[in-house]
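query-v4.cif follows; it contains mmCIF, C-alpha atoms and all ligand atoms.
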```cif
data_work
#
loop_
_atom_site.label_atom_id
_atom_site.label_comp_id
_atom_site.auth_asym_id
_atom_site.auth_seq_id
_atom_site.Cartn_x
_atom_site.Cartn_y
_atom_site.Cartn_z
CA MET A 1 -9.53 19.83 9.40
CA ALA A 2 -10.31 16.69 11.36
CA GLN A 3 -7.28 15.19 13.04
CA LYS A 4 -7.17 12.03 15.08
CA LEU A 5 -4.11 10.97 17.01
CA ILE A 6 -3.35 7.27 16.64
CA ASP A 7 0.04 6.56 18.14
CA LEU A 8 2.80 6.70 15.49
CA TYR A 9 0.63 8.44 12.91
CA SER A 10 -2.39 10.69 12.46
CA LEU A 11 -5.27 10.41 10.05
CA VAL A 12 -5.67 13.84 8.46
CA GLY A 13 -8.46 15.17 6.23
CA ASN A 14 -12.21 14.85 6.23
CA GLN A 15 -13.37 13.25 3.00
CA ASP A 16 -12.28 10.29 0.89
CA SER A 17 -10.44 12.42 -1.62
CA ASP A 18 -8.17 14.26 0.84
CA LEU A 19 -7.52 11.70 3.57
CA LYS A 20 -3.91 10.95 4.31
CA ILE A 21 -1.71 9.46 6.99
CA ILE A 22 1.00 11.61 8.53
CA SER A 23 3.78 10.38 10.77
CA ASN A 24 3.74 11.83 14.30
CA THR A 25 7.30 10.94 15.11
CA TYR A 26 10.62 9.62 13.83
CA ILE A 27 9.97 6.10 12.55
CA LYS A 28 13.07 4.00 11.88
CA LYS A 29 13.48 1.80 8.81
CA GLY A 30 12.21 -1.68 9.72
CA GLU A 31 9.99 -0.42 12.54
CA VAL A 32 6.42 -1.73 12.74
CA ILE A 33 4.05 1.17 12.05
CA LYS A 34 0.91 -0.87 12.73
CA LYS A 35 -0.27 -4.44 13.23
CA ILE A 36 -2.94 -5.41 10.71
CA SER A 37 -5.99 -7.42 11.64
CA LEU A 38 -7.18 -9.68 8.86
CA VAL A 39 -10.95 -9.35 8.80
CA SER A 40 -12.28 -10.02 5.30
CA SER A 41 -14.46 -7.48 3.57
CA PRO A 42 -15.95 -7.28 0.04
CA GLN A 43 -13.52 -5.56 -2.36
CA SER A 44 -14.06 -1.81 -2.83
CA PHE A 45 -11.91 1.22 -3.60
CA ALA A 46 -11.13 1.45 0.13
CA THR A 47 -10.11 -2.16 0.77
CA VAL A 48 -6.62 -3.67 0.55
CA GLN A 49 -6.05 -7.11 -1.01
CA SER A 50 -4.65 -9.42 1.66
CA GLY A 51 -4.69 -12.73 -0.22
CA LEU A 52 -5.62 -14.28 -3.58
CA ASN A 53 -9.31 -13.75 -2.91
CA GLU A 54 -9.31 -11.78 0.33
CA HIS A 55 -9.62 -8.05 0.94
CA ILE A 56 -9.64 -6.14 4.20
CA LEU A 57 -11.10 -2.81 5.21
CA ASP A 58 -8.68 -1.07 7.55
CA GLU A 59 -9.27 2.54 8.57
CA MET A 60 -5.60 3.49 8.37
CA LEU A 61 -4.88 1.68 5.10
CA ALA A 62 -8.03 3.09 3.51
CA ALA A 63 -6.56 6.56 4.12
CA THR A 64 -2.96 5.72 3.18
CA ASN A 65 -2.03 7.09 -0.23
CA HIS A 66 -0.08 5.32 -2.93
CA SER A 67 3.44 6.41 -3.88
CA CYS A 68 5.75 5.09 -6.58
CA SER A 69 8.58 5.74 -4.05
CA PRO A 70 6.80 4.41 -0.94
CA ASN A 71 8.14 4.68 2.60
CA SER A 72 6.22 1.70 3.97
CA PHE A 73 5.36 -1.88 3.01
CA VAL A 74 2.11 -3.61 3.91
CA ASP A 75 3.26 -7.14 4.73
CA PHE A 76 0.41 -9.67 4.92
CA THR A 77 2.78 -12.51 5.81
CA LYS A 78 3.88 -10.68 8.96
CA GLU A 79 0.49 -8.92 9.33
CA GLN A 80 2.31 -5.61 9.81
CA ILE A 81 2.87 -2.29 8.11
CA ILE A 82 6.63 -1.80 8.15
CA ALA A 83 8.75 1.33 7.50
CA GLU A 84 10.80 0.79 4.34
CA ARG A 85 13.05 3.72 5.24
CA ASP A 86 13.40 6.29 8.01
CA ILE A 87 10.31 8.50 8.17
CA ALA A 88 10.41 12.01 9.65
CA PRO A 89 7.66 13.60 11.76
CA GLY A 90 5.11 15.26 9.48
CA GLU A 91 6.02 13.09 6.52
CA GLU A 92 3.15 11.38 4.71
CA ILE A 93 3.13 7.58 5.06
CA THR A 94 2.60 5.83 1.72
CA PHE A 95 2.75 2.37 0.20
CA PHE A 96 2.94 0.97 -3.32
CA TYR A 97 -0.62 -0.15 -4.15
CA PRO A 98 0.39 -2.86 -6.67
CA SER A 99 2.33 -4.55 -3.82
CA THR A 100 -1.07 -5.68 -2.50
CA GLU A 101 -3.55 -5.11 -5.35
CA TRP A 102 -3.72 -7.32 -8.43
CA ARG A 103 -6.64 -5.54 -10.13
CA MET A 104 -7.94 -2.33 -8.59
CA VAL A 105 -11.61 -1.31 -8.52
CA ARG A 106 -10.71 2.33 -9.16
CA PRO A 107 -7.52 2.89 -11.20
CA PHE A 108 -6.11 6.42 -11.10
CA GLN A 109 -3.44 8.65 -12.57
CA CYS A 110 -0.61 8.89 -10.04
CA MET A 111 0.63 12.35 -9.12
CA CYS A 112 3.09 11.24 -6.44
CA GLY A 113 5.82 13.45 -7.89
CA SER A 114 8.46 10.72 -7.68
CA PRO A 115 11.07 10.81 -10.48
CA ASN A 116 10.20 7.10 -10.91
CA CYS A 117 6.45 7.70 -11.08
CA ILE A 118 4.86 4.95 -13.14
CA GLY A 119 1.72 6.89 -14.17
CA THR A 120 -1.56 4.96 -14.16
CA ILE A 121 -2.03 2.80 -11.06
CA SER A 122 -4.44 -0.06 -11.67
CA GLY A 123 -2.85 -3.00 -9.87
CA ALA A 124 0.12 -5.34 -10.40
CA GLU A 125 -1.66 -7.02 -13.32
CA ASN A 126 -0.88 -4.03 -15.54
CA LEU A 127 2.65 -3.25 -14.32
CA PRO A 128 5.31 -3.42 -17.03
CA ILE A 129 7.38 -6.56 -16.35
CA ARG A 130 10.62 -4.52 -16.18
CA LEU A 131 9.32 -2.79 -13.03
CA PHE A 132 8.75 -5.98 -11.01
CA LYS A 133 12.34 -6.02 -9.78
CA ASN A 134 12.08 -2.46 -8.40
CA TYR A 135 9.41 -3.24 -5.81
CA LYS A 136 8.50 -5.61 -2.99
CA PHE A 137 5.27 -7.55 -3.40
CA ASN A 138 3.09 -9.67 -1.17
CA ARG A 139 2.99 -13.43 -1.64
CA HIS A 140 -0.41 -13.45 -3.39
CA ILE A 141 0.85 -10.89 -5.93
CA LYS A 142 4.10 -12.83 -6.53
CA GLN A 143 1.98 -15.91 -7.11
CA LYS A 144 -0.14 -14.08 -9.71
CA ILE A 145 2.99 -12.64 -11.40
CA ILE A 146 4.46 -16.15 -11.73
CA GLU A 147 1.16 -17.49 -13.12
CA MET A 148 1.06 -14.65 -15.61
CA MET A 149 4.65 -15.35 -16.76
CA LEU A 150 3.96 -19.07 -17.17
CA PHE A 151 0.68 -18.90 -19.06
ZN ZN B 201 3.62 7.88 -8.86
#
```
Exercise: express the given structure as structure tokens:
Amino acid sequence: MAQKLIDLYSLVGNQDSDLKIISNTYIKKGEVIKKISLVSSPQSFATVQSGLNEHILDEMLAATNHSCSPNSFVDFTKEQIIAERDIAPGEEITFFYPSTEWRMVRPFQCMCGSPNCIGTISGAENLPIRLFKNYKFNRHIKQKIIEMMLF
């Protein structure tokens, strides 16, 4: 198993399908896990949507799994990945993909095991409206949600 030490977290696994990010330490709620650099890239299954028409390819985010009960938030206004709650050493770091993605290239069936698991993850576009209040979203997603409600 390949393991690479990158400060607060490690990238674990050796192929697309089993990559994940594991915390190396106690991370406090509100703590910055990583600064994000906004270098645009064509959208793919590995990119993260950073704006209405922008996507970035970030090695850590490409390996960070989705959870319906995420412990981090990717904040493109602050350009940071922030802990949404306390994270223990060895815990997997996750974020809620529809918080950044409007329409995903590769939708999938979520198996996060959360009691609130929402099932198919395909982007915020397909989220049931009743779930919007349960999650934090980036500005570009909020903008699209408002557009969708209005038209
Ligand atoms: Zn889930």
Neighbour residues at most 12 Å from (9.9, 5.0, 8.0) (all atoms listed in the file) as a ChimeraX atom specification: /A:8-9,22-34,70-73,81-95
Surrounding residues as a PyMOL selection string, ligand ZN 201 (chain B), max 6 Å, all atoms listed in the file: chain A and resi 67-68+110-112+114+117-119
Might you pull out every residue within 12 Å of Asp16 of chain A, with only C-alpha atoms counted and same-chain residues fewer than 5 positions away left off, and present them as a ChimeraX atom specification? /A:11,45-46,59,62-65
Take the residues from that selection and put them in a file with C-alpha atoms, as an mmCIF file, in the coordinates of the input.
```cif
data_model
loop_
_atom_site.group_PDB
_atom_site.id
_atom_site.type_symbol
_atom_site.label_atom_id
_atom_site.label_comp_id
_atom_site.auth_asym_id
_atom_site.auth_seq_id
_atom_site.Cartn_x
_atom_site.Cartn_y
_atom_site.Cartn_z
ATOM 1 C CA LEU A 11 -5.270 10.410 10.050
ATOM 2 C CA PHE A 45 -11.910 1.220 -3.600
ATOM 3 C CA ALA A 46 -11.130 1.450 0.130
ATOM 4 C CA GLU A 59 -9.270 2.540 8.570
ATOM 5 C CA ALA A 62 -8.030 3.090 3.510
ATOM 6 C CA ALA A 63 -6.560 6.560 4.120
ATOM 7 C CA THR A 64 -2.960 5.720 3.180
ATOM 8 C CA ASN A 65 -2.030 7.090 -0.230
#
```
Shortest interatomic distance to Gly113 of chain A - which of A:Gln15, A:Lys20, A:His55, A:Ser69, counting all atoms listed in the file: A:Ser69
Enclose all atoms of segment 8-15 of chain A listed in the file in an axis-aligned box, grow every side by 5 Å, and hand back centre and edge lengths in Å to one decimal, as lines of an AutoDock Vina configuration file.
```
center_x = -5.3
center_y = 10.9
center_z = 9.2
size_x = 26.2
size_y = 18.5
size_z = 22.5
```
Among A:Met60, A:Val74, A:Val48, A:Met149, Val105 of chain A is approached most closely, using all atoms listed in the file, by A:Val48
Taking the point (0.6, -5.7, -2.6) as given in the file, collect each protein or nucleic acid residue that comes within 6 Å of it, counting only C-alpha atoms, and present the set as a short mmCIF file (atom, residue, chain, number, x, y, z; two decimals) with C-alpha atoms, in the frame of the given file.
```
data_model
loop_
_atom_site.label_atom_id
_atom_site.label_comp_id
_atom_site.auth_asym_id
_atom_site.auth_seq_id
_atom_site.Cartn_x
_atom_site.Cartn_y
_atom_site.Cartn_z
CA TYR A 97 -0.62 -0.15 -4.15
CA PRO A 98 0.39 -2.86 -6.67
CA SER A 99 2.33 -4.55 -3.82
CA THR A 100 -1.07 -5.68 -2.50
CA GLU A 101 -3.55 -5.11 -5.35
CA PHE A 137 5.27 -7.55 -3.40
CA ASN A 138 3.09 -9.67 -1.17
#
```
Please determine, counting only C-alpha atoms, which residue among A:Val39, A:Val12, A:Leu131, A:Ile121 has the shortest atom-to-atom distance to Glu79 of chain A.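 Using only C-alpha atoms, the shortest distance to Glu79 of chain A belongs to A:Val39.
The coordinates place atom CA of Ile145 of chain A at 23.2 Å from atom CA of Leu61 of chain A.
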Record the distance separating atom CA of Gln49 of chain A and atom CA of Ile21 of chain A, expressed in Å with one decimal.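 Spanning atom CA of Gln49 of chain A to atom CA of Ile21 of chain A is a straight-line distance of 18.9 Å.
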Which one of A:Phe151, A:Phe108, A:Trp102, A:Phe96 sits closest to Arg139 of chain A if you count all atoms listed in the file? A:Trp102
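The residue that comes closest to Pro107 of chain A, out of A:Asn134, A:His66, A:Asn14, A:Leu52 and on the basis of all atoms listed in the file, is A:His66.
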If you count only C-alpha atoms, which residues fall within 9 Å of Ser41 of chain A, apart from same-chain ones fewer than 2 positions away, as a short mmCIF file (atom, residue, chain, number, x, y, z; two decimals) with C-alpha atoms, keeping the file's coordinate frame?
```cif
data_model
loop_
_atom_site.label_atom_id
_atom_site.label_comp_id
_atom_site.auth_asym_id
_atom_site.auth_seq_id
_atom_site.Cartn_x
_atom_site.Cartn_y
_atom_site.Cartn_z
CA VAL A 39 -10.95 -9.35 8.80
CA GLN A 43 -13.52 -5.56 -2.36
CA SER A 44 -14.06 -1.81 -2.83
CA THR A 47 -10.11 -2.16 0.77
CA GLU A 54 -9.31 -11.78 0.33
CA HIS A 55 -9.62 -8.05 0.94
CA ILE A 56 -9.64 -6.14 4.20
CA LEU A 57 -11.10 -2.81 5.21
#
```
A straight line from atom CA of Pro115 of chain A to atom CA of Gln80 of chain A spans 27.5 Å
Just checking: using all atoms listed in the file, which residue out of A:Met104, A:Asp75, A:Gln109, A:Asp18 ends up closest to Ser122 of chain A?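 The shortest atom-to-atom distance to Ser122 of chain A comes from A:Met104.
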